[in-house]
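Q: Below you will find the structure I want to go over with you.
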Amino acid sequence: MQTVFVSLLIFFSALPQAATPEKKAVWKPVQFAILRFNDEAPKSWNIYHSEKRDALLVKLWKRYLYLDLKEAEVYEVDPQTVKPQGDNAEWSLSDLPSDPIEISDWKVRDVGLMVRRVRFRFGKTGHYLDINLPLKPDGKPAY
C-alpha cells in the first residue's frame with residue numbers, strides 16, 4: 001500500500017504544473033495630469049502609471065489605451081481586462097494586444113520646467129490626444 005502511494009506521489013509530481021495566471025499590476029492615478037482630446041477636456045478620463053516609468057494606461061470615456069512612451073506606440077486595451085479598484089486600476093501587460101493602433105504626429109517634449117507633453121494623432125488625419133504630465137524640478141516624472 002505504501003509503495004503504491006509513493007509511486008502515485010512520484011507520478012503526480014512529474015506532471016507539468018498548470019500555469020498560474022500572471023498577477024495583475026496595480027496602476028495608480030497620475031496626480032495633476034491634464035488630458036485633452038481635440039483641444040477639449042473629455043467628460044470621463046484618467047491616466048494611470050505603474051512601476052515602469054515610460055508606460056501609461058489612459059482611460060478615455062469607456063476606452064483604455066496603453067501608451068509606451070519609449071517605443072512611441074499606442075495599444076487599445078480591452079476594457080474587460082481592466083479592473084478599477086477605488087482610485088487605482090488593476091491590469092496586466094499579458095493582456096496587451098499584439099499590434100499597436102495606427103497613430104501619427106507622435107511628439108514628446110518638456111514644456112517649461114514642470115510639464116512633459118505627449119501628443120499624437122489617431123491615424124493620419126484623425127483626432128488627436130494631448131497629455132500633460134507633471135515633472136519634478138529635476139526633470140524626472142512626478143508620478
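By order of appearance in the C-alpha cells: chains A, B, ..., then residues from 1 within every chain, and ligands from 1 in the order shown.
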Within region 4-103 of chain A, find each residue whose DSSP state, derived from the backbone, is helix (DSSP H, G or I), and express the selection as a list in words.
A: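 So, restricting region 4-103 of chain A to helix (DSSP H, G or I), we get Val4, Phe5, Val6, Ser7, Leu8, Leu9, Ile10, Phe11, Phe12, Ser13, Ala14, Pro79, Gln80, Thr81, Leu93, Ser94 and Asp95 of chain A.
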Q: Would you save the residues from that selection as a short mmCIF file (atom, residue, chain, number, x, y, z; two decimals), in the first residue's frame, using C-alpha atoms?
A:
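Result file again_26.cif:
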```
data_model
loop_
_atom_site.label_atom_id
_atom_site.label_comp_id
_atom_site.auth_asym_id
_atom_site.auth_seq_id
_atom_site.Cartn_x
_atom_site.Cartn_y
_atom_site.Cartn_z
CA VAL A 4 1.52 2.48 -4.36
CA PHE A 5 1.18 5.81 -2.51
CA VAL A 6 4.85 6.68 -3.11
CA SER A 7 4.51 5.69 -6.80
CA LEU A 8 1.45 7.93 -7.19
CA LEU A 9 3.23 10.79 -5.44
CA ILE A 10 6.18 10.49 -7.84
CA PHE A 11 3.81 10.26 -10.83
CA PHE A 12 1.86 13.40 -9.91
CA SER A 13 4.99 15.40 -9.06
CA ALA A 14 6.38 14.61 -12.54
CA PRO A 79 -11.86 47.29 -21.07
CA GLN A 80 -12.95 43.88 -19.71
CA THR A 81 -9.32 43.19 -18.68
CA LEU A 93 0.75 43.59 -19.59
CA SER A 94 -0.02 39.99 -20.58
CA ASP A 95 -3.42 41.33 -21.75
#
```
Q: If you run DSSP over the backbone, which residues in region 32-130 of chain A end up strand (DSSP E)? Put them as a ChimeraX atom specification.
A: /A:34-37,45-49,55-60,63-68,73-77,83-85,88-91,103-111,115-122,128-130
Q: Restricted to C-alpha atoms, what would the selected residues look like written as a PDB file, in the first residue's frame?
A:
```pdb
ATOM      1  CA  ILE A  34      -4.123  67.169 -17.900  1.00  0.00           C
ATOM      2  CA  LEU A  35      -5.713  65.403 -20.868  1.00  0.00           C
ATOM      3  CA  ARG A  36      -7.265  66.998 -23.943  1.00  0.00           C
ATOM      4  CA  PHE A  37      -8.996  65.312 -26.851  1.00  0.00           C
ATOM      5  CA  TRP A  45     -10.862  60.265 -18.281  1.00  0.00           C
ATOM      6  CA  ASN A  46      -7.958  59.211 -16.095  1.00  0.00           C
ATOM      7  CA  ILE A  47      -4.251  58.499 -16.514  1.00  0.00           C
ATOM      8  CA  TYR A  48      -2.534  55.710 -14.591  1.00  0.00           C
ATOM      9  CA  HIS A  49       1.117  54.770 -14.128  1.00  0.00           C
ATOM     10  CA  ALA A  55       4.298  53.411 -19.694  1.00  0.00           C
ATOM     11  CA  LEU A  56       0.851  54.897 -19.124  1.00  0.00           C
ATOM     12  CA  LEU A  57      -2.646  53.467 -19.033  1.00  0.00           C
ATOM     13  CA  VAL A  58      -5.155  56.073 -20.220  1.00  0.00           C
ATOM     14  CA  LYS A  59      -8.895  55.796 -19.640  1.00  0.00           C
ATOM     15  CA  LEU A  60     -10.744  57.854 -22.224  1.00  0.00           C
ATOM     16  CA  ARG A  63     -11.828  53.009 -23.785  1.00  0.00           C
ATOM     17  CA  TYR A  64      -8.444  52.181 -22.326  1.00  0.00           C
ATOM     18  CA  LEU A  65      -5.188  52.913 -24.122  1.00  0.00           C
ATOM     19  CA  TYR A  66      -1.721  51.672 -23.198  1.00  0.00           C
ATOM     20  CA  LEU A  67       0.986  54.191 -24.147  1.00  0.00           C
ATOM     21  CA  ASP A  68       4.563  53.003 -24.484  1.00  0.00           C
ATOM     22  CA  GLU A  73       3.348  53.080 -29.546  1.00  0.00           C
ATOM     23  CA  VAL A  74      -0.315  53.102 -28.504  1.00  0.00           C
ATOM     24  CA  TYR A  75      -2.405  49.976 -27.928  1.00  0.00           C
ATOM     25  CA  GLU A  76      -6.140  49.737 -27.418  1.00  0.00           C
ATOM     26  CA  VAL A  77      -6.797  47.644 -24.312  1.00  0.00           C
ATOM     27  CA  LYS A  83     -10.458  46.204 -13.092  1.00  0.00           C
ATOM     28  CA  PRO A  84     -10.976  49.535 -11.288  1.00  0.00           C
ATOM     29  CA  GLN A  85     -10.166  49.393  -7.559  1.00  0.00           C
ATOM     30  CA  ASN A  88      -6.406  52.612  -8.850  1.00  0.00           C
ATOM     31  CA  ALA A  89      -6.800  50.160 -11.710  1.00  0.00           C
ATOM     32  CA  GLU A  90      -5.613  46.572 -11.975  1.00  0.00           C
ATOM     33  CA  TRP A  91      -4.306  45.375 -15.345  1.00  0.00           C
ATOM     34  CA  ILE A 103      -1.005  56.790 -34.908  1.00  0.00           C
ATOM     35  CA  SER A 104       0.887  59.702 -36.416  1.00  0.00           C
ATOM     36  CA  ASP A 105       2.425  63.001 -35.331  1.00  0.00           C
ATOM     37  CA  TRP A 106       3.916  61.492 -32.133  1.00  0.00           C
ATOM     38  CA  LYS A 107       5.648  64.197 -30.066  1.00  0.00           C
ATOM     39  CA  VAL A 108       7.056  64.074 -26.541  1.00  0.00           C
ATOM     40  CA  ARG A 109       8.706  67.186 -25.176  1.00  0.00           C
ATOM     41  CA  ASP A 110       9.205  69.092 -21.968  1.00  0.00           C
ATOM     42  CA  VAL A 111       7.123  72.248 -21.837  1.00  0.00           C
ATOM     43  CA  VAL A 115       5.435  69.607 -17.598  1.00  0.00           C
ATOM     44  CA  ARG A 116       6.102  66.850 -20.125  1.00  0.00           C
ATOM     45  CA  ARG A 117       3.735  66.942 -23.083  1.00  0.00           C
ATOM     46  CA  VAL A 118       2.777  63.822 -25.063  1.00  0.00           C
ATOM     47  CA  ARG A 119       0.759  64.435 -28.201  1.00  0.00           C
ATOM     48  CA  PHE A 120      -0.281  62.135 -31.049  1.00  0.00           C
ATOM     49  CA  ARG A 121      -2.938  61.765 -33.721  1.00  0.00           C
ATOM     50  CA  PHE A 122      -5.110  58.687 -34.293  1.00  0.00           C
ATOM     51  CA  TYR A 128      -5.546  63.881 -31.530  1.00  0.00           C
ATOM     52  CA  LEU A 129      -4.797  63.269 -27.879  1.00  0.00           C
ATOM     53  CA  ASP A 130      -2.748  65.708 -25.829  1.00  0.00           C
TER      54      ASP A 130
END
```
Q: Could you check the closest approach to Thr125 (chain A) for each of A:Ser50, A:Asn38, A:Ser92, A:Ser98 and tell me which residue wins, using only C-alpha atoms?
A: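 That would be A:Asn38, the residue with the smallest distance to Thr125 (chain A).
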Q: One decimal, in Å: what's the spacing between CA of Tyr143 (chain A) and CA of Gly123 (chain A)?
A: 28.8 Å
Q: One number please: CA of Lys28 (chain A) to CA of Pro134 (chain A), in Å, one decimal.
A: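 If I compute the distance from CA of Lys28 (chain A) to CA of Pro134 (chain A), I get 14.4 Å.
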Q: Ranking A:Lys136, A:His127, A:Lys62, A:Lys52 by minimum distance to Phe32 (chain A) and counting only C-alpha atoms, which one comes first?
A: A:Lys136
Q: Figure out the distance between CA of Leu133 (chain A) and CA of Asp87 (chain A), please, to one decimal in Å.
A: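 Computing the Euclidean distance for CA of Asp87 (chain A) and CA of Leu133 (chain A) yields 17.7 Å.
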